[in-house]
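Student: Here it is, the structure, as structure tokens.
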Amino acid sequence: MQEIDIEELLSAHPYLIDPKLKGIVPTRQQSKGSYRYDLGFETRAGLTIVEIKKVELKSADVSQLLDYCRTWGRSTKKPLAKTHYLIGKKPADCSDLQTAVNRSVRDIRILFVGADIPWYLAMIGRQYRPYIEGYAKNVVHIRL
């Protein structure tokens, strides 16, 4: 699965990121200057930015998401929400990643594919749910 495939899946099924995002249609690949975020959700609290990585997450990815927050946070038209998401593969050592998140003034939520977002998803009642073997026919496997 490519990063764009994961983006499409999460765009169509944002409740996999956070149940509060269910039913919200995100903007995709929005640009400002040299910055472009993957998904943006207009919530009551403001714009929530989601950055997706196909590789192991690094502290630099947190910095990139914070750059997006600074860039879009300057808008007077759309306020920025408090919570934003960074999604990707879990590194062997999460300490640098966690340190970068802890230093941030923003609420950055890290979601690991394979842990927070399951590798295998089954379509049940028009929603993807974690796959249980033999439980459903329509199964998606997220491979990074």
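Each chain of the structure tokens is named A, B, ... in the order shown, its residues numbered from 1; ligands are numbered from 1 in display order.
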Quick one: residues within 9 Å of Asp38 in chain A, only C-alpha atoms, excluding same-chain residues fewer than 3 positions away - as number ranges by chain?
Tutor: A: 4, 7, 27-30, 49-52
Student: Taking only chain A into account, list the residues labelled alpha helix (DSSP H) by DSSP (computed from the backbone), as an NGL selection string.
Tutor: :A and (3-12 or 59-73 or 95-103)
Student: Can you write just those residues out, N, CA and C atoms, as a short mmCIF file (atom, residue, chain, number, x, y, z; two decimals), in the first residue's frame?
Tutor:
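Final output, again_4.cif:
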```
data_model
loop_
_atom_site.label_atom_id
_atom_site.label_comp_id
_atom_site.auth_asym_id
_atom_site.auth_seq_id
_atom_site.Cartn_x
_atom_site.Cartn_y
_atom_site.Cartn_z
N GLU A 3 1.44 5.53 0.33
CA GLU A 3 0.93 6.56 1.23
C GLU A 3 -0.41 7.11 0.73
N ILE A 4 -0.54 7.30 -0.58
CA ILE A 4 -1.78 7.82 -1.15
C ILE A 4 -2.95 6.86 -0.91
N ASP A 5 -2.69 5.55 -0.90
CA ASP A 5 -3.74 4.56 -0.63
C ASP A 5 -4.22 4.67 0.81
N ILE A 6 -3.28 4.87 1.73
CA ILE A 6 -3.65 5.04 3.14
C ILE A 6 -4.44 6.33 3.30
N GLU A 7 -4.00 7.38 2.60
CA GLU A 7 -4.71 8.65 2.63
C GLU A 7 -6.15 8.49 2.14
N GLU A 8 -6.33 7.77 1.05
CA GLU A 8 -7.68 7.54 0.50
C GLU A 8 -8.55 6.76 1.48
N LEU A 9 -7.98 5.73 2.08
CA LEU A 9 -8.72 4.92 3.05
C LEU A 9 -9.16 5.78 4.24
N LEU A 10 -8.22 6.55 4.80
CA LEU A 10 -8.54 7.38 5.98
C LEU A 10 -9.44 8.55 5.62
N SER A 11 -9.35 9.03 4.40
CA SER A 11 -10.24 10.09 3.94
C SER A 11 -11.68 9.60 3.88
N ALA A 12 -11.85 8.38 3.37
CA ALA A 12 -13.20 7.80 3.26
C ALA A 12 -13.72 7.27 4.59
N SER A 59 11.28 12.15 14.81
CA SER A 59 11.00 13.45 15.43
C SER A 59 10.88 14.54 14.37
N ALA A 60 11.56 14.41 13.25
CA ALA A 60 11.45 15.38 12.16
C ALA A 60 10.02 15.43 11.60
N ASP A 61 9.31 14.32 11.67
CA ASP A 61 7.92 14.29 11.20
C ASP A 61 7.02 15.12 12.11
N VAL A 62 7.32 15.12 13.39
CA VAL A 62 6.58 15.97 14.34
C VAL A 62 6.85 17.43 14.00
N SER A 63 8.10 17.75 13.72
CA SER A 63 8.46 19.12 13.33
C SER A 63 7.74 19.55 12.06
N GLN A 64 7.64 18.64 11.11
CA GLN A 64 6.93 18.93 9.86
C GLN A 64 5.47 19.24 10.14
N LEU A 65 4.81 18.42 10.97
CA LEU A 65 3.41 18.66 11.32
C LEU A 65 3.25 19.99 12.05
N LEU A 66 4.19 20.31 12.92
CA LEU A 66 4.14 21.60 13.63
C LEU A 66 4.33 22.77 12.67
N ASP A 67 5.17 22.59 11.64
CA ASP A 67 5.30 23.63 10.61
C ASP A 67 3.97 23.87 9.92
N TYR A 68 3.27 22.78 9.62
CA TYR A 68 1.94 22.91 9.01
C TYR A 68 1.00 23.66 9.95
N CYS A 69 1.04 23.32 11.22
CA CYS A 69 0.18 23.98 12.20
C CYS A 69 0.48 25.48 12.27
N ARG A 70 1.76 25.84 12.26
CA ARG A 70 2.12 27.27 12.28
C ARG A 70 1.62 27.97 11.03
N THR A 71 1.80 27.32 9.89
CA THR A 71 1.40 27.92 8.61
C THR A 71 -0.11 28.12 8.53
N TRP A 72 -0.88 27.08 8.82
CA TRP A 72 -2.34 27.19 8.74
C TRP A 72 -2.92 27.91 9.95
N GLY A 73 -2.18 27.96 11.04
CA GLY A 73 -2.65 28.65 12.24
C GLY A 73 -2.66 30.16 12.10
N SER A 95 11.52 6.95 21.75
CA SER A 95 11.87 7.99 22.73
C SER A 95 12.04 9.37 22.10
N ASP A 96 12.76 9.47 20.95
CA ASP A 96 12.93 10.78 20.30
C ASP A 96 11.60 11.32 19.80
N LEU A 97 10.78 10.43 19.27
CA LEU A 97 9.46 10.82 18.78
C LEU A 97 8.61 11.36 19.93
N GLN A 98 8.59 10.64 21.04
CA GLN A 98 7.80 11.06 22.20
C GLN A 98 8.33 12.36 22.80
N THR A 99 9.65 12.54 22.82
CA THR A 99 10.24 13.79 23.31
C THR A 99 9.78 14.97 22.46
N ALA A 100 9.77 14.80 21.13
CA ALA A 100 9.33 15.87 20.23
C ALA A 100 7.87 16.22 20.47
N VAL A 101 7.03 15.20 20.69
CA VAL A 101 5.61 15.43 20.96
C VAL A 101 5.45 16.15 22.30
N ASN A 102 6.19 15.73 23.31
CA ASN A 102 6.08 16.33 24.64
C ASN A 102 6.52 17.79 24.66
N ARG A 103 7.43 18.17 23.80
CA ARG A 103 7.91 19.55 23.73
C ARG A 103 6.94 20.48 23.02
#
```
Student: I need the residues of range 14-92 of chain A that end up classed as strand (DSSP E or B) by DSSP on the backbone, written out as a PyMOL selection string.
Tutor: chain A and resi 27-32+35-43+46-56+80+83-89
Student: Keeping N, CA and C atoms, export the residues of the selection given above as a short mmCIF file (atom, residue, chain, number, x, y, z; two decimals), in the first residue's frame.
Tutor:
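Written output follows (again.cif):
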```cif
data_model
loop_
_atom_site.label_atom_id
_atom_site.label_comp_id
_atom_site.auth_asym_id
_atom_site.auth_seq_id
_atom_site.Cartn_x
_atom_site.Cartn_y
_atom_site.Cartn_z
N THR A 27 -10.42 17.89 3.52
CA THR A 27 -9.71 18.44 2.37
C THR A 27 -8.45 17.61 2.25
N ARG A 28 -7.94 17.50 1.02
CA ARG A 28 -6.75 16.68 0.79
C ARG A 28 -5.70 17.45 0.04
N GLN A 29 -4.45 17.24 0.46
CA GLN A 29 -3.29 17.81 -0.23
C GLN A 29 -3.41 19.33 -0.43
N GLN A 30 -3.78 20.02 0.63
CA GLN A 30 -3.88 21.48 0.58
C GLN A 30 -2.49 22.09 0.74
N SER A 31 -2.22 23.13 -0.06
CA SER A 31 -0.90 23.76 -0.05
C SER A 31 -0.98 25.21 0.40
N LYS A 32 0.10 25.62 1.07
CA LYS A 32 0.36 27.02 1.41
C LYS A 32 1.86 27.20 1.32
N TYR A 35 4.45 24.25 1.86
CA TYR A 35 3.87 23.23 2.74
C TYR A 35 2.61 22.63 2.13
N ARG A 36 2.43 21.32 2.35
CA ARG A 36 1.21 20.66 1.88
C ARG A 36 0.87 19.54 2.86
N TYR A 37 -0.31 19.64 3.50
CA TYR A 37 -0.71 18.57 4.41
C TYR A 37 -1.49 17.49 3.66
N ASP A 38 -1.57 16.30 4.28
CA ASP A 38 -2.26 15.19 3.64
C ASP A 38 -3.78 15.32 3.77
N LEU A 39 -4.27 15.45 5.01
CA LEU A 39 -5.71 15.56 5.25
C LEU A 39 -5.97 16.71 6.22
N GLY A 40 -7.07 17.41 5.99
CA GLY A 40 -7.50 18.46 6.91
C GLY A 40 -8.98 18.29 7.19
N PHE A 41 -9.35 18.31 8.46
CA PHE A 41 -10.74 18.13 8.86
C PHE A 41 -11.24 19.40 9.54
N GLU A 42 -12.31 19.96 9.00
CA GLU A 42 -12.95 21.13 9.60
C GLU A 42 -13.89 20.65 10.69
N THR A 43 -13.48 20.83 11.93
CA THR A 43 -14.31 20.44 13.07
C THR A 43 -14.85 21.70 13.74
N GLY A 46 -12.07 23.78 14.92
CA GLY A 46 -11.18 24.35 13.92
C GLY A 46 -10.59 23.28 13.02
N LEU A 47 -9.55 23.65 12.29
CA LEU A 47 -8.92 22.74 11.34
C LEU A 47 -8.01 21.76 12.07
N THR A 48 -8.27 20.47 11.86
CA THR A 48 -7.41 19.40 12.37
C THR A 48 -6.58 18.88 11.20
N ILE A 49 -5.27 18.88 11.36
CA ILE A 49 -4.35 18.45 10.30
C ILE A 49 -3.87 17.03 10.58
N VAL A 50 -3.85 16.22 9.52
CA VAL A 50 -3.38 14.83 9.62
C VAL A 50 -2.25 14.65 8.61
N GLU A 51 -1.10 14.20 9.10
CA GLU A 51 0.04 13.89 8.25
C GLU A 51 0.28 12.39 8.28
N ILE A 52 0.43 11.78 7.11
CA ILE A 52 0.58 10.34 6.98
C ILE A 52 1.97 10.03 6.42
N LYS A 53 2.62 9.06 7.03
CA LYS A 53 3.93 8.61 6.56
C LYS A 53 3.88 7.10 6.35
N LYS A 54 4.50 6.65 5.28
CA LYS A 54 4.55 5.22 5.01
C LYS A 54 5.71 4.56 5.75
N VAL A 55 6.62 5.36 6.21
CA VAL A 55 7.84 4.86 6.86
C VAL A 55 7.75 5.01 8.38
N GLU A 56 8.79 4.55 9.07
CA GLU A 56 8.85 4.73 10.52
C GLU A 56 8.85 6.22 10.85
N LEU A 80 -7.38 27.11 14.01
CA LEU A 80 -6.74 25.81 14.07
C LEU A 80 -7.23 25.06 15.30
N THR A 83 -6.02 19.64 18.45
CA THR A 83 -5.49 18.28 18.22
C THR A 83 -5.19 18.03 16.75
N HIS A 84 -4.01 17.43 16.50
CA HIS A 84 -3.58 17.06 15.15
C HIS A 84 -2.96 15.67 15.21
N TYR A 85 -2.86 14.99 14.06
CA TYR A 85 -2.47 13.58 14.04
C TYR A 85 -1.29 13.33 13.11
N LEU A 86 -0.40 12.47 13.57
CA LEU A 86 0.71 11.98 12.78
C LEU A 86 0.57 10.46 12.74
N ILE A 87 0.49 9.91 11.53
CA ILE A 87 0.21 8.49 11.36
C ILE A 87 1.33 7.84 10.56
N GLY A 88 1.81 6.70 11.04
CA GLY A 88 2.85 5.99 10.32
C GLY A 88 3.28 4.73 11.03
N LYS A 89 4.42 4.23 10.62
CA LYS A 89 4.98 3.00 11.15
C LYS A 89 5.70 3.27 12.47
#
```
Student: Could you check how far CA of Lys58 in chain A sits from CA of Asp93 in chain A, in Å to one decimal?
Tutor: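 Interatomic distance, CA of Lys58 in chain A to CA of Asp93 in chain A: 9.6 Å.
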Student: Could you tell me how far CA of Lys22 in chain A lies from CA of Gln2 in chain A, in Å and to one decimal?
Tutor: 23.0 Å
Student: For CA of Ala115 in chain A and CA of Ala45 in chain A, quote the distance in Å rounded to one decimal.
Tutor: 26.8 Å
